[in-house]
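File shown: target02.tsv (TSV, C-alpha atoms).
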```tsv
chain	number	residue	atom	x	y	z
A	1	MET	CA	-25.87	11.49	9.47
A	2	SER	CA	-29.30	10.13	10.29
A	3	THR	CA	-30.46	6.82	8.86
A	4	SER	CA	-31.45	7.14	5.22
A	5	SER	CA	-33.05	4.73	2.78
A	6	TYR	CA	-31.43	6.40	-0.23
A	7	PHE	CA	-27.80	7.24	-1.00
A	8	SER	CA	-26.40	9.10	-3.96
A	9	LEU	CA	-23.55	7.29	-5.68
A	10	LEU	CA	-21.09	9.82	-4.24
A	11	GLN	CA	-22.41	9.22	-0.73
A	12	ALA	CA	-22.09	5.46	-1.19
A	13	ARG	CA	-18.53	5.89	-2.44
A	14	ARG	CA	-17.57	8.06	0.52
A	15	LEU	CA	-19.14	5.64	2.97
A	16	ALA	CA	-17.30	2.73	1.37
A	17	LEU	CA	-13.95	4.53	1.43
A	18	SER	CA	-14.23	5.65	5.04
A	19	SER	CA	-15.38	2.18	6.14
A	20	GLN	CA	-12.31	0.71	4.45
A	21	GLY	CA	-9.97	2.96	6.42
A	22	PHE	CA	-9.36	5.75	3.92
A	23	GLY	CA	-9.66	9.45	4.59
A	24	GLY	CA	-9.37	9.46	8.35
A	25	ARG	CA	-6.79	11.20	10.46
A	26	GLN	CA	-3.27	11.37	9.11
A	27	PRO	CA	-1.27	8.32	10.22
A	28	PRO	CA	1.50	8.97	12.73
A	29	ALA	CA	5.02	9.57	11.51
A	30	LEU	CA	6.04	6.30	13.15
A	31	VAL	CA	3.44	3.57	12.68
A	32	LYS	CA	3.29	1.19	15.63
A	33	SER	CA	1.68	-2.19	16.17
A	34	ILE	CA	-1.43	-0.61	17.70
A	35	GLN	CA	-2.24	1.19	14.42
A	36	VAL	CA	-1.59	-1.98	12.39
A	37	ASN	CA	-3.80	-4.13	14.60
A	38	ARG	CA	-6.55	-1.53	14.78
A	39	LEU	CA	-6.71	-1.27	10.99
A	40	ILE	CA	-6.78	-5.06	10.49
A	41	GLU	CA	-9.59	-5.34	13.04
A	42	ARG	CA	-11.47	-2.74	11.02
A	43	LEU	CA	-10.96	-4.55	7.72
A	44	GLY	CA	-11.47	-7.96	9.30
A	45	ILE	CA	-9.22	-9.69	6.81
A	46	LEU	CA	-6.09	-9.44	4.63
A	47	GLN	CA	-5.84	-11.66	1.56
A	48	ILE	CA	-2.60	-13.60	1.08
A	49	ASP	CA	-1.28	-14.26	-2.41
A	50	SER	CA	1.96	-15.84	-3.61
A	51	VAL	CA	2.75	-13.32	-6.39
A	52	ASN	CA	5.79	-11.27	-5.39
A	53	ALA	CA	6.21	-8.98	-8.40
A	54	LEU	CA	6.13	-5.99	-6.08
A	55	VAL	CA	5.68	-7.23	-2.52
A	56	ARG	CA	3.45	-9.97	-1.08
A	57	SER	CA	-0.11	-8.72	-1.34
A	58	HIS	CA	-0.98	-8.88	2.36
A	59	TYR	CA	1.52	-6.08	3.10
A	60	LEU	CA	0.04	-3.62	0.59
A	61	PRO	CA	-3.38	-2.73	2.09
A	62	LEU	CA	-1.68	-1.43	5.23
A	63	PHE	CA	0.72	0.68	3.18
A	64	SER	CA	-2.19	2.06	1.14
A	65	ARG	CA	-3.87	3.29	4.32
A	66	LEU	CA	-1.03	3.95	6.78
A	67	GLY	CA	1.85	4.88	4.49
A	68	CYS	CA	5.37	3.72	5.26
A	69	TYR	CA	5.33	1.17	8.06
A	70	SER	CA	7.62	-1.68	9.02
A	71	SER	CA	6.47	-4.94	7.47
A	72	ALA	CA	7.97	-6.61	10.53
A	73	LEU	CA	4.92	-5.34	12.44
A	74	LEU	CA	2.64	-7.48	10.28
A	75	ASP	CA	5.01	-10.44	10.47
A	76	GLN	CA	4.99	-10.12	14.25
A	77	ALA	CA	1.20	-9.96	14.39
A	78	ALA	CA	0.81	-12.94	12.06
A	79	TRP	CA	3.57	-15.37	12.97
A	80	SER	CA	5.28	-14.46	16.23
A	81	GLN	CA	5.00	-16.62	19.32
A	82	GLY	CA	3.18	-15.51	22.45
A	83	ARG	CA	1.14	-12.41	23.13
A	84	GLN	CA	2.48	-10.43	20.17
A	85	ARG	CA	0.52	-12.70	17.80
A	86	THR	CA	-2.84	-11.09	17.04
A	87	LEU	CA	-3.68	-12.79	13.72
A	88	PHE	CA	-4.25	-16.29	12.38
A	89	GLU	CA	-4.34	-17.80	8.92
A	90	TYR	CA	-7.43	-19.41	7.47
A	91	TRP	CA	-9.77	-19.43	4.49
A	92	GLY	CA	-11.56	-16.12	4.94
A	93	HIS	CA	-11.94	-14.51	1.53
A	94	GLU	CA	-9.28	-16.66	-0.05
A	95	ALA	CA	-6.18	-17.62	1.93
A	96	SER	CA	-6.24	-14.87	4.51
A	97	LEU	CA	-4.89	-13.34	7.69
A	98	LEU	CA	-7.66	-12.59	10.19
A	99	PRO	CA	-7.73	-11.08	13.69
A	100	LEU	CA	-7.78	-13.66	16.47
A	101	SER	CA	-11.16	-12.24	17.48
A	102	MET	CA	-12.53	-13.76	14.25
A	103	PHE	CA	-11.44	-17.32	15.12
A	104	PRO	CA	-14.75	-18.29	16.79
A	105	LEU	CA	-16.60	-17.05	13.69
A	106	MET	CA	-14.62	-19.48	11.51
A	107	ARG	CA	-15.01	-22.68	13.50
A	108	TRP	CA	-18.26	-23.63	11.76
A	109	ARG	CA	-16.36	-23.49	8.46
A	110	MET	CA	-13.68	-25.76	9.92
A	111	ALA	CA	-16.36	-28.19	11.08
A	112	ARG	CA	-17.91	-28.24	7.61
A	113	ALA	CA	-14.50	-28.86	6.03
A	114	GLY	CA	-13.97	-31.78	8.40
A	115	ARG	CA	-17.21	-33.26	7.02
A	116	GLY	CA	-16.01	-32.72	3.45
A	117	GLU	CA	-18.35	-29.75	2.85
A	118	ASP	CA	-17.56	-26.28	1.46
A	119	ILE	CA	-13.99	-27.14	0.44
A	120	TYR	CA	-12.37	-27.92	-2.88
A	121	GLN	CA	-13.72	-31.18	-4.30
A	122	GLN	CA	-10.24	-32.63	-4.75
A	123	LEU	CA	-9.44	-31.96	-1.09
A	124	ALA	CA	-12.78	-33.33	0.09
A	125	ARG	CA	-12.20	-36.52	-1.90
A	126	PHE	CA	-8.73	-36.87	-0.41
A	127	GLY	CA	-10.24	-36.53	3.07
A	128	ARG	CA	-12.74	-39.30	2.37
A	129	GLU	CA	-10.26	-41.69	0.80
A	130	HIS	CA	-7.01	-41.14	2.70
A	131	GLN	CA	-7.70	-40.81	6.41
A	132	ASP	CA	-4.74	-43.15	7.01
A	133	ILE	CA	-2.33	-40.60	5.50
A	134	ILE	CA	-4.09	-37.73	7.27
A	135	ARG	CA	-3.75	-39.42	10.69
A	136	ARG	CA	-0.10	-40.29	9.99
A	137	VAL	CA	0.69	-36.69	9.09
A	138	LEU	CA	-1.21	-35.37	12.13
A	139	GLY	CA	0.82	-37.74	14.30
A	140	SER	CA	4.05	-36.32	12.87
A	141	VAL	CA	2.92	-32.78	13.69
A	142	GLN	CA	1.93	-33.84	17.21
A	143	GLU	CA	5.32	-35.43	17.76
A	144	LEU	CA	7.67	-33.03	15.98
A	145	GLY	CA	5.99	-29.63	16.13
A	146	ALA	CA	5.77	-27.07	13.33
A	147	LEU	CA	6.38	-28.76	9.99
A	148	GLY	CA	6.21	-27.84	6.34
A	149	ALA	CA	4.86	-30.17	3.69
A	150	GLY	CA	8.30	-30.57	2.14
A	151	SER	CA	9.74	-32.15	5.28
A	152	LEU	CA	7.03	-34.83	5.30
A	153	SER	CA	6.79	-35.69	1.61
A	154	THR	CA	7.48	-39.31	0.66
A	155	ARG	CA	7.05	-38.68	-3.09
A	156	GLN	CA	9.97	-39.78	-5.23
A	157	GLU	CA	9.01	-38.23	-8.56
A	158	ARG	CA	9.54	-34.57	-9.32
A	159	ALA	CA	6.58	-32.29	-8.57
A	160	GLY	CA	4.70	-30.80	-11.48
A	161	PRO	CA	3.58	-27.16	-11.81
A	162	TRP	CA	1.11	-25.35	-9.60
A	163	TRP	CA	-1.24	-27.61	-7.60
A	164	ASP	CA	0.61	-30.90	-8.08
A	165	TRP	CA	0.70	-31.56	-4.33
A	166	SER	CA	2.21	-34.56	-2.58
A	167	ALA	CA	-0.08	-36.76	-0.48
A	168	GLU	CA	1.39	-35.18	2.66
A	169	LYS	CA	0.66	-31.68	1.39
A	170	HIS	CA	-2.93	-32.71	0.68
A	171	ALA	CA	-3.16	-34.14	4.20
A	172	LEU	CA	-1.85	-30.95	5.79
A	173	GLU	CA	-4.21	-28.79	3.75
A	174	TRP	CA	-7.16	-30.98	4.76
A	175	LEU	CA	-6.14	-30.76	8.42
A	176	PHE	CA	-5.73	-26.99	8.07
A	177	ALA	CA	-9.18	-26.58	6.50
A	178	ALA	CA	-10.68	-28.74	9.25
A	179	GLY	CA	-8.97	-26.69	11.97
A	180	GLU	CA	-6.93	-29.62	13.28
A	181	VAL	CA	-3.70	-27.78	12.50
A	182	THR	CA	-3.00	-24.10	12.01
A	183	VAL	CA	-0.14	-22.06	10.57
A	184	ALA	CA	2.57	-21.52	13.17
A	185	GLY	CA	4.85	-19.55	10.86
A	186	ARG	CA	6.36	-19.46	7.42
A	187	ARG	CA	9.68	-20.48	5.96
A	188	GLY	CA	9.97	-18.08	3.05
A	189	PHE	CA	6.43	-18.47	1.75
A	190	GLU	CA	6.02	-22.11	2.85
A	191	ARG	CA	3.49	-22.67	5.59
A	192	LEU	CA	4.66	-24.38	8.77
A	193	TYR	CA	1.81	-26.25	10.46
A	194	ASP	CA	1.35	-27.03	14.14
A	195	LEU	CA	-1.43	-27.87	16.56
A	196	PRO	CA	-3.73	-24.92	17.36
A	197	GLU	CA	-3.15	-25.30	21.11
A	198	ARG	CA	0.59	-24.74	20.58
A	199	VAL	CA	0.04	-21.65	18.44
A	200	LEU	CA	-3.13	-19.78	19.41
A	201	PRO	CA	-4.04	-18.36	22.84
A	202	ALA	CA	-6.03	-20.68	25.07
A	203	VAL	CA	-8.57	-17.92	25.72
A	204	ILE	CA	-9.44	-17.95	22.00
A	205	LEU	CA	-9.60	-21.74	21.66
A	206	GLN	CA	-11.72	-22.15	24.79
A	207	GLN	CA	-14.52	-19.86	23.66
A	208	PRO	CA	-17.86	-21.65	23.25
A	209	MET	CA	-18.63	-23.00	19.81
A	210	LEU	CA	-21.04	-20.72	17.96
A	211	SER	CA	-23.82	-22.16	15.86
A	212	GLU	CA	-23.49	-21.81	12.11
A	213	ASP	CA	-26.30	-19.24	12.11
A	214	GLU	CA	-24.66	-17.11	14.83
A	215	ALA	CA	-21.25	-17.19	13.16
A	216	GLN	CA	-22.60	-16.36	9.71
A	217	ARG	CA	-24.58	-13.42	11.09
A	218	GLY	CA	-21.40	-12.21	12.76
A	219	LEU	CA	-19.47	-12.45	9.51
A	220	LEU	CA	-22.13	-10.54	7.58
A	221	LEU	CA	-22.06	-7.78	10.21
A	222	HIS	CA	-18.26	-7.60	9.97
A	223	ALA	CA	-18.57	-7.35	6.20
A	224	ALA	CA	-21.20	-4.62	6.46
A	225	ASN	CA	-18.99	-2.65	8.83
A	226	ALA	CA	-15.95	-3.01	6.54
A	227	LEU	CA	-17.81	-2.26	3.30
A	228	GLY	CA	-20.04	0.54	4.56
A	229	ILE	CA	-22.78	-0.11	2.04
A	230	ALA	CA	-23.18	-3.25	-0.03
A	231	THR	CA	-25.50	-5.57	-1.92
A	232	GLU	CA	-26.21	-9.10	-0.70
A	233	LYS	CA	-23.58	-10.45	-3.11
A	234	ASP	CA	-21.01	-7.90	-1.90
A	235	LEU	CA	-21.65	-8.89	1.72
A	236	ARG	CA	-21.38	-12.64	1.19
A	237	ASP	CA	-18.32	-12.30	-1.04
A	238	TYR	CA	-16.32	-10.61	1.73
A	239	PHE	CA	-15.99	-13.86	3.71
A	240	ARG	CA	-17.09	-16.14	0.87
A	241	LEU	CA	-20.40	-17.30	2.34
A	242	ASN	CA	-22.55	-19.43	0.07
A	243	PRO	CA	-25.68	-17.75	-1.34
A	244	GLY	CA	-28.23	-19.81	0.58
A	245	ASP	CA	-26.58	-19.21	3.94
A	246	ALA	CA	-26.11	-15.51	3.22
A	247	ARG	CA	-29.71	-14.89	2.17
A	248	SER	CA	-31.10	-16.62	5.26
A	249	ARG	CA	-28.80	-14.80	7.68
A	250	LEU	CA	-29.39	-11.47	5.94
A	251	ALA	CA	-33.14	-11.85	6.37
A	252	GLU	CA	-32.60	-12.54	10.09
A	253	LEU	CA	-30.39	-9.46	10.50
A	254	LEU	CA	-32.95	-7.29	8.72
A	255	GLU	CA	-35.74	-8.65	10.90
A	256	ALA	CA	-33.69	-7.86	14.02
A	257	GLY	CA	-32.82	-4.35	12.80
A	258	ALA	CA	-29.10	-5.09	12.87
A	259	LEU	CA	-28.92	-4.24	9.16
A	260	LEU	CA	-31.03	-1.82	7.14
A	261	SER	CA	-32.17	-2.06	3.55
A	262	CYS	CA	-31.45	0.95	1.34
A	263	GLU	CA	-31.06	2.11	-2.25
A	264	VAL	CA	-28.04	3.50	-4.05
A	265	GLN	CA	-28.28	5.72	-7.10
A	266	GLY	CA	-27.78	3.63	-10.23
A	267	TRP	CA	-27.63	0.26	-8.47
A	268	ARG	CA	-30.12	-2.32	-9.71
A	269	GLN	CA	-29.92	-4.47	-6.60
A	270	PRO	CA	-30.98	-3.37	-3.10
A	271	ALA	CA	-28.20	-2.40	-0.75
A	272	PHE	CA	-27.68	-2.84	2.98
A	273	CYS	CA	-25.89	-0.90	5.69
A	274	LEU	CA	-25.56	-0.72	9.46
A	275	PRO	CA	-28.01	1.53	11.33
A	276	GLU	CA	-27.13	5.24	11.41
A	277	PRO	CA	-24.32	5.24	8.84
A	278	LYS	CA	-21.98	8.23	8.99
A	279	VAL	CA	-21.15	9.52	5.51
A	280	PRO	CA	-18.17	11.89	5.50
A	281	ARG	CA	-18.50	15.17	3.62
A	282	LYS	CA	-15.32	14.42	1.73
A	283	VAL	CA	-12.68	11.69	1.53
A	284	GLU	CA	-9.20	12.97	0.83
A	285	ALA	CA	-7.04	9.96	0.07
A	286	SER	CA	-4.44	9.04	-2.53
A	287	ALA	CA	-3.27	5.44	-2.58
A	288	LEU	CA	-1.93	2.71	-4.82
A	289	LEU	CA	-4.11	-0.35	-4.28
A	290	SER	CA	-3.13	-4.01	-4.25
A	291	PRO	CA	-4.99	-6.10	-6.83
A	292	PHE	CA	-6.17	-8.04	-3.75
A	293	ASP	CA	-7.27	-5.03	-1.70
A	294	SER	CA	-10.64	-5.56	0.00
A	295	LEU	CA	-11.87	-2.21	-1.41
A	296	ILE	CA	-11.88	-3.71	-4.92
A	297	TRP	CA	-12.26	-7.49	-4.39
A	298	GLU	CA	-15.74	-7.76	-5.81
A	299	ARG	CA	-15.22	-6.54	-9.37
A	300	GLY	CA	-18.90	-5.83	-9.98
A	301	ARG	CA	-19.01	-3.66	-6.87
A	302	THR	CA	-15.88	-1.83	-8.05
A	303	GLU	CA	-17.62	-1.00	-11.33
A	304	ARG	CA	-20.79	0.13	-9.54
A	305	LEU	CA	-18.93	2.32	-7.05
A	306	PHE	CA	-16.14	3.76	-9.18
A	307	ASP	CA	-17.13	3.12	-12.82
A	308	PHE	CA	-13.84	1.23	-13.00
A	309	ARG	CA	-13.53	-2.14	-14.74
A	310	TYR	CA	-10.60	-4.07	-13.32
A	311	ARG	CA	-9.27	-7.52	-14.20
A	312	LEU	CA	-5.97	-9.05	-13.12
A	313	GLU	CA	-3.91	-10.01	-16.19
A	314	ILE	CA	-1.20	-12.10	-14.52
A	315	TYR	CA	-2.47	-15.26	-16.20
A	316	THR	CA	-3.31	-13.56	-19.49
A	317	PRO	CA	-0.78	-14.21	-22.31
A	318	ARG	CA	1.55	-11.23	-22.72
A	319	ASP	CA	0.29	-10.33	-26.20
A	320	LYS	CA	-3.32	-10.26	-24.96
A	321	ARG	CA	-2.78	-8.04	-21.92
A	322	VAL	CA	-4.43	-4.64	-22.06
A	323	TYR	CA	-2.77	-2.91	-19.10
A	324	GLY	CA	0.08	-5.12	-17.87
A	325	TYR	CA	1.17	-7.99	-15.63
A	326	TYR	CA	0.82	-6.54	-12.11
A	327	VAL	CA	-1.36	-3.45	-12.28
A	328	LEU	CA	-2.25	-1.36	-9.23
A	329	PRO	CA	-5.28	0.95	-9.37
A	330	PHE	CA	-4.58	4.48	-8.14
A	331	LEU	CA	-7.18	5.98	-5.83
A	332	HIS	CA	-7.27	9.77	-5.77
A	333	ASN	CA	-9.94	12.19	-4.53
A	334	GLU	CA	-12.78	9.66	-4.36
A	335	ARG	CA	-12.06	8.23	-7.82
A	336	ILE	CA	-9.91	5.45	-9.18
A	337	SER	CA	-8.09	7.74	-11.55
A	338	ALA	CA	-5.34	5.62	-13.07
A	339	ARG	CA	-3.73	2.19	-13.17
A	340	VAL	CA	0.00	1.55	-12.97
A	341	ASP	CA	1.93	-1.58	-13.94
A	342	LEU	CA	4.68	-1.89	-11.31
A	343	ARG	CA	7.57	-4.19	-10.56
A	344	ALA	CA	10.13	-4.16	-7.74
A	345	GLU	CA	13.50	-4.76	-9.41
A	346	ARG	CA	15.38	-5.44	-6.20
A	347	ALA	CA	18.66	-6.45	-7.81
A	348	HIS	CA	18.83	-3.01	-9.43
A	349	GLY	CA	17.41	-1.09	-6.47
A	350	ARG	CA	14.52	0.40	-8.41
A	351	LEU	CA	10.75	0.51	-8.65
A	352	ALA	CA	9.98	-0.02	-12.33
A	353	VAL	CA	6.90	1.64	-13.79
A	354	HIS	CA	6.13	-0.31	-16.96
A	355	ALA	CA	2.88	1.43	-17.85
A	356	VAL	CA	0.67	4.32	-16.74
A	357	HIS	CA	-2.94	4.44	-17.87
A	358	GLU	CA	-5.16	7.35	-16.86
A	359	GLU	CA	-8.90	6.85	-16.49
A	360	GLU	CA	-11.29	9.37	-18.01
A	361	PRO	CA	-11.29	12.31	-17.48
A	362	GLY	CA	-7.62	11.85	-16.52
A	363	LEU	CA	-5.44	13.20	-13.74
A	364	ASP	CA	-5.00	16.92	-13.34
A	365	ASP	CA	-1.59	18.28	-12.32
A	366	GLN	CA	-2.38	17.84	-8.63
A	367	GLY	CA	-3.43	14.23	-9.24
A	368	MET	CA	-0.29	13.46	-11.22
A	369	LEU	CA	1.80	14.95	-8.42
A	370	ALA	CA	-0.07	12.75	-5.92
A	371	LEU	CA	0.74	9.68	-8.03
A	372	ALA	CA	4.41	10.68	-8.14
A	373	VAL	CA	4.45	11.11	-4.35
A	374	ASN	CA	2.85	7.70	-3.87
A	375	LEU	CA	5.38	6.01	-6.15
A	376	ARG	CA	8.27	7.70	-4.36
A	377	ARG	CA	6.89	6.66	-0.98
A	378	MET	CA	6.41	3.10	-2.17
A	379	ALA	CA	10.00	2.95	-3.41
A	380	ASP	CA	11.22	4.25	-0.06
A	381	TRP	CA	9.04	1.74	1.81
A	382	LEU	CA	10.44	-1.12	-0.28
A	383	GLY	CA	14.02	0.13	0.17
A	384	LEU	CA	14.43	0.96	-3.52
A	385	ALA	CA	16.50	4.01	-4.39
A	386	GLN	CA	15.04	4.79	-7.80
A	387	VAL	CA	11.67	5.10	-9.53
A	388	LYS	CA	12.31	4.18	-13.15
A	389	LEU	CA	9.75	4.95	-15.85
A	390	ASN	CA	9.76	2.45	-18.73
A	391	CYS	CA	6.52	3.70	-20.26
A	392	GLN	CA	6.46	5.92	-23.37
A	393	ARG	CA	2.86	7.08	-23.05
A	394	VAL	CA	1.93	10.74	-22.63
A	395	SER	CA	0.79	9.97	-19.09
A	396	ALA	CA	4.29	8.74	-18.25
A	397	ALA	CA	5.84	11.92	-19.67
A	398	ARG	CA	3.68	13.98	-17.30
A	399	LEU	CA	4.54	11.62	-14.43
A	400	ARG	CA	8.26	12.01	-15.20
A	401	VAL	CA	7.95	15.79	-14.78
A	402	ALA	CA	6.08	15.34	-11.50
A	403	LEU	CA	8.70	12.89	-10.18
A	404	ALA	CA	11.52	15.25	-11.15
A	405	GLY	CA	9.76	18.00	-9.24
A	406	ILE	CA	9.50	16.09	-5.96
A	407	GLU	CA	12.96	14.56	-6.22
A	408	GLY	CA	14.49	17.93	-6.95
A	409	ALA	CA	12.66	19.65	-4.12
```

Can the structure from this file be put into structure tokens for me?
Amino acid sequence: MSTSSYFSLLQARRLALSSQGFGGRQPPALVKSIQVNRLIERLGILQIDSVNALVRSHYLPLFSRLGCYSSALLDQAAWSQGRQRTLFEYWGHEASLLPLSMFPLMRWRMARAGRGEDIYQQLARFGREHQDIIRRVLGSVQELGALGAGSLSTRQERAGPWWDWSAEKHALEWLFAAGEVTVAGRRGFERLYDLPERVLPAVILQQPMLSEDEAQRGLLLHAANALGIATEKDLRDYFRLNPGDARSRLAELLEAGALLSCEVQGWRQPAFCLPEPKVPRKVEASALLSPFDSLIWERGRTERLFDFRYRLEIYTPRDKRVYGYYVLPFLHNERISARVDLRAERAHGRLAVHAVHEEEPGLDDQGMLALAVNLRRMADWLGLAQVKLNCQRVSAARLRVALAGIEGA
């Protein structure tokens, strides 16, 4: 398609979906590391989250786009030693896995963190007031190699809930934000920290330091490539740039012609895209989406693109939840057509469907069959023998028929 200054909403949706890795060629029957790495390079980032109601969130975006793949491929890319490692952990969107090629684009953020800027206030204050503890902890890592916070803690009292970190954990997190340590691996979900030179390839660490302006422009271009079409807020949210930085760099990219300004039907704010965007004629994709999928991170963008209001209700009291605890949107035929509250009940070998909510105008029979197929594939991917419906809604009754049809086939 030639460059255009105006996109219909359907064109914007198709461009966004294709840019996010949906609707391309069918994935191979056996997904290999090359497909995994290629997709992560395209997305630029996978968000990590601790909730394990279904599976850790960083595994889900690959399943949504590639289908059944071995999670060991992502583990290998993220935490293996040597040349098989292609990813690193850092603060990208939130806690994230990023391609090693993105490391130079994050060093300015590490430098700012080391100065106590652009990090959580509590962590910045700790960095200012407790450099003695930070240097002691860094010395332990230098001497002993990859360490978790638990092995260094000197705290005697019992830890409280959530972010009640020990001094040593605070020190490690400050060192991590400042780029003085990185994540070498994980023990369960606990980070193990080591020196970057013992974890990351020398060719990555030895690249020249980019200026803040250069790195931020690079991040905005990555975001534009991954989003397809986006407002200024959408672009800066992808890698969590602050508004002032984003506006300045965006103006520079527009002046250079690296990004183009455009309009999208129904959007109040101007949008931006790369030159000569290619809008597919149709996007055929059906996928269950992680609550932390980059397609739907920015909730305002999700409403503008799909007319779909989505809020995570994990921290909402049970009696105030509208849709459920861990709800996955269901993408089908260029719409988000339903939402499904799912849980992996591993002890019972089943994928539990606690609620099914269709979005207007609802799923037709083909759409309901697609949802059933996706649930069956997810159960297979997670090694669960059964899909169990615990929902009494009409939508679930239709889904039960669809599941019976594919399981009886």

Discussion item. Just to confirm, what's the straight-line distance from CA of Tyr120 (chain A) to CA of Glu168 (chain A) in Å (one decimal)?
Written reply: 16.5 Å

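Here the question is which of A:Val353, A:Leu123, A:Ala77, A:Leu371 gets nearest to Gln392 (chain A) using all atoms listed in the file, and that residue is A:Val353.
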
Worksheet entry | One-decimal distance in Å that lies between CA of Arg240 (chain A) and CA of Trp91 (chain A) |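 Value for the CA of Trp91 (chain A)-CA of Arg240 (chain A) distance: 8.8 Å.
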
Give me the residues near Ser290 (chain A) as a tab-separated table (two decimals) with C-alpha atoms, in the coordinates of the input, where near means some atom within 8 Å (using all atoms listed in the file) and where sequence neighbours in that chain fewer than 2 positions away do not count.
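Here's the written file out_16.tsv:
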```
chain	number	residue	atom	x	y	z
A	57	SER	CA	-0.11	-8.72	-1.34
A	60	LEU	CA	0.04	-3.62	0.59
A	61	PRO	CA	-3.38	-2.73	2.09
A	288	LEU	CA	-1.93	2.71	-4.82
A	292	PHE	CA	-6.17	-8.04	-3.75
A	293	ASP	CA	-7.27	-5.03	-1.70
A	328	LEU	CA	-2.25	-1.36	-9.23
A	329	PRO	CA	-5.28	0.95	-9.37
```

Practice prompt. Please indicate the distance in Å from CA of Ala226 (chain A) to CA of Phe239 (chain A), rounded to one decimal place.
Written response: 11.2 Å

Discussion item. Around (2.4, 10.8, -17.1), as given in the file, which residues come within 10 Å? Count only C-alpha atoms and list them as a list in words.
Written reply: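 All residues meeting the 10 Å criterion around (2.4, 10.8, -17.1) are Ala355, Val356, His357, Glu358, Leu363, Asp365, Met368, Leu369, Leu371, Ala372, Leu389, Cys391, Gln392, Arg393, Val394, Ser395, Ala396, Ala397, Arg398, Leu399, Arg400, Val401, Ala402 and Leu403 of chain A.
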
Response to the item:
Among A:Trp267, A:Tyr315, A:Phe272, A:Phe189, Thr231 (chain A) is approached most closely, using only C-alpha atoms, by A:Phe272

Item to complete: Compare A:Trp108, A:Trp79, A:Phe306, A:Tyr238 by their minimum atom-to-atom distance to Glu94 (chain A), counting all atoms listed in the file, and give me the closest one.
Response: A:Tyr238

Fill in: Selected residue of minimal separation from Gln386 (chain A) among A:Ala352, A:Val51, A:Leu105, A:Leu289, counting only C-alpha atoms
A:Ala352

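Candidate residues A:Leu384, A:Ala224, A:Ala370, A:Ile406 were compared for distance to Arg343 (chain A), and the nearest is A:Leu384, using all atoms listed in the file.
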
Discussion item. Restricting the calculation to all atoms listed in the file: of A:Ala178, A:Cys68, A:Ser5, A:Leu43, which residue gets closest to Arg115 (chain A)?
Written reply: A:Ala178

Worksheet entry | Exercise: residues within 9 Å of coordinate (-29.2, -3.1, -2.6), counting all atoms listed in the file, as a list of chain:residue names |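 Neighbouring residues, ordered by chain and number, come to A:Ile229, A:Ala230, A:Thr231, A:Glu232, A:Ser261, A:Cys262, A:Glu263, A:Val264, A:Trp267, A:Arg268, A:Gln269, A:Pro270, A:Ala271, A:Phe272.
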
Take the residues from that selection and write them out as a CSV table (one decimal), in the coordinates of the input, keeping C-alpha atoms.
```csv
chain,number,residue,atom,x,y,z
A,229,ILE,CA,-22.8,-0.1,2.0
A,230,ALA,CA,-23.2,-3.2,0.0
A,231,THR,CA,-25.5,-5.6,-1.9
A,232,GLU,CA,-26.2,-9.1,-0.7
A,261,SER,CA,-32.2,-2.1,3.6
A,262,CYS,CA,-31.4,1.0,1.3
A,263,GLU,CA,-31.1,2.1,-2.2
A,264,VAL,CA,-28.0,3.5,-4.0
A,267,TRP,CA,-27.6,0.3,-8.5
A,268,ARG,CA,-30.1,-2.3,-9.7
A,269,GLN,CA,-29.9,-4.5,-6.6
A,270,PRO,CA,-31.0,-3.4,-3.1
A,271,ALA,CA,-28.2,-2.4,-0.8
A,272,PHE,CA,-27.7,-2.8,3.0
```

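Residue neighbourhood of Asn242 (chain A), excluding near-sequence residues (fewer than 3 positions): His93, Arg109, Glu117, Asp118, Ile119, Gln216, Leu220, Glu232, Lys233, Asp234, Leu235, Arg236, Asp237, Tyr238, Phe239, Asp245, Ala246, Arg247, Ser248 and Arg249 of chain A, at 12 Å, using only C-alpha atoms.
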
Atoms added to region 310-314 of chain A (N, CA, C and O atoms), reported as an mmCIF file, in the coordinates of the input:
```
data_model
loop_
_atom_site.group_PDB
_atom_site.id
_atom_site.type_symbol
_atom_site.label_atom_id
_atom_site.label_comp_id
_atom_site.auth_asym_id
_atom_site.auth_seq_id
_atom_site.Cartn_x
_atom_site.Cartn_y
_atom_site.Cartn_z
ATOM 1 N N TYR A 310 -11.949 -3.611 -13.678
ATOM 2 C CA TYR A 310 -10.600 -4.070 -13.320
ATOM 3 C C TYR A 310 -10.536 -5.591 -13.398
ATOM 4 O O TYR A 310 -11.371 -6.295 -12.835
ATOM 5 N N ARG A 311 -9.538 -6.087 -14.120
ATOM 6 C CA ARG A 311 -9.270 -7.520 -14.200
ATOM 7 C C ARG A 311 -7.765 -7.730 -14.064
ATOM 8 O O ARG A 311 -6.962 -7.020 -14.674
ATOM 9 N N LEU A 312 -7.384 -8.722 -13.286
ATOM 10 C CA LEU A 312 -5.970 -9.050 -13.120
ATOM 11 C C LEU A 312 -5.509 -9.830 -14.338
ATOM 12 O O LEU A 312 -6.154 -10.794 -14.755
ATOM 13 N N GLU A 313 -4.374 -9.416 -14.936
ATOM 14 C CA GLU A 313 -3.910 -10.010 -16.190
ATOM 15 C C GLU A 313 -2.665 -10.856 -16.019
ATOM 16 O O GLU A 313 -1.987 -11.173 -16.997
ATOM 17 N N ILE A 314 -2.379 -11.274 -14.777
ATOM 18 C CA ILE A 314 -1.200 -12.100 -14.520
ATOM 19 C C ILE A 314 -1.217 -13.364 -15.378
ATOM 20 O O ILE A 314 -0.189 -13.779 -15.929
#
```
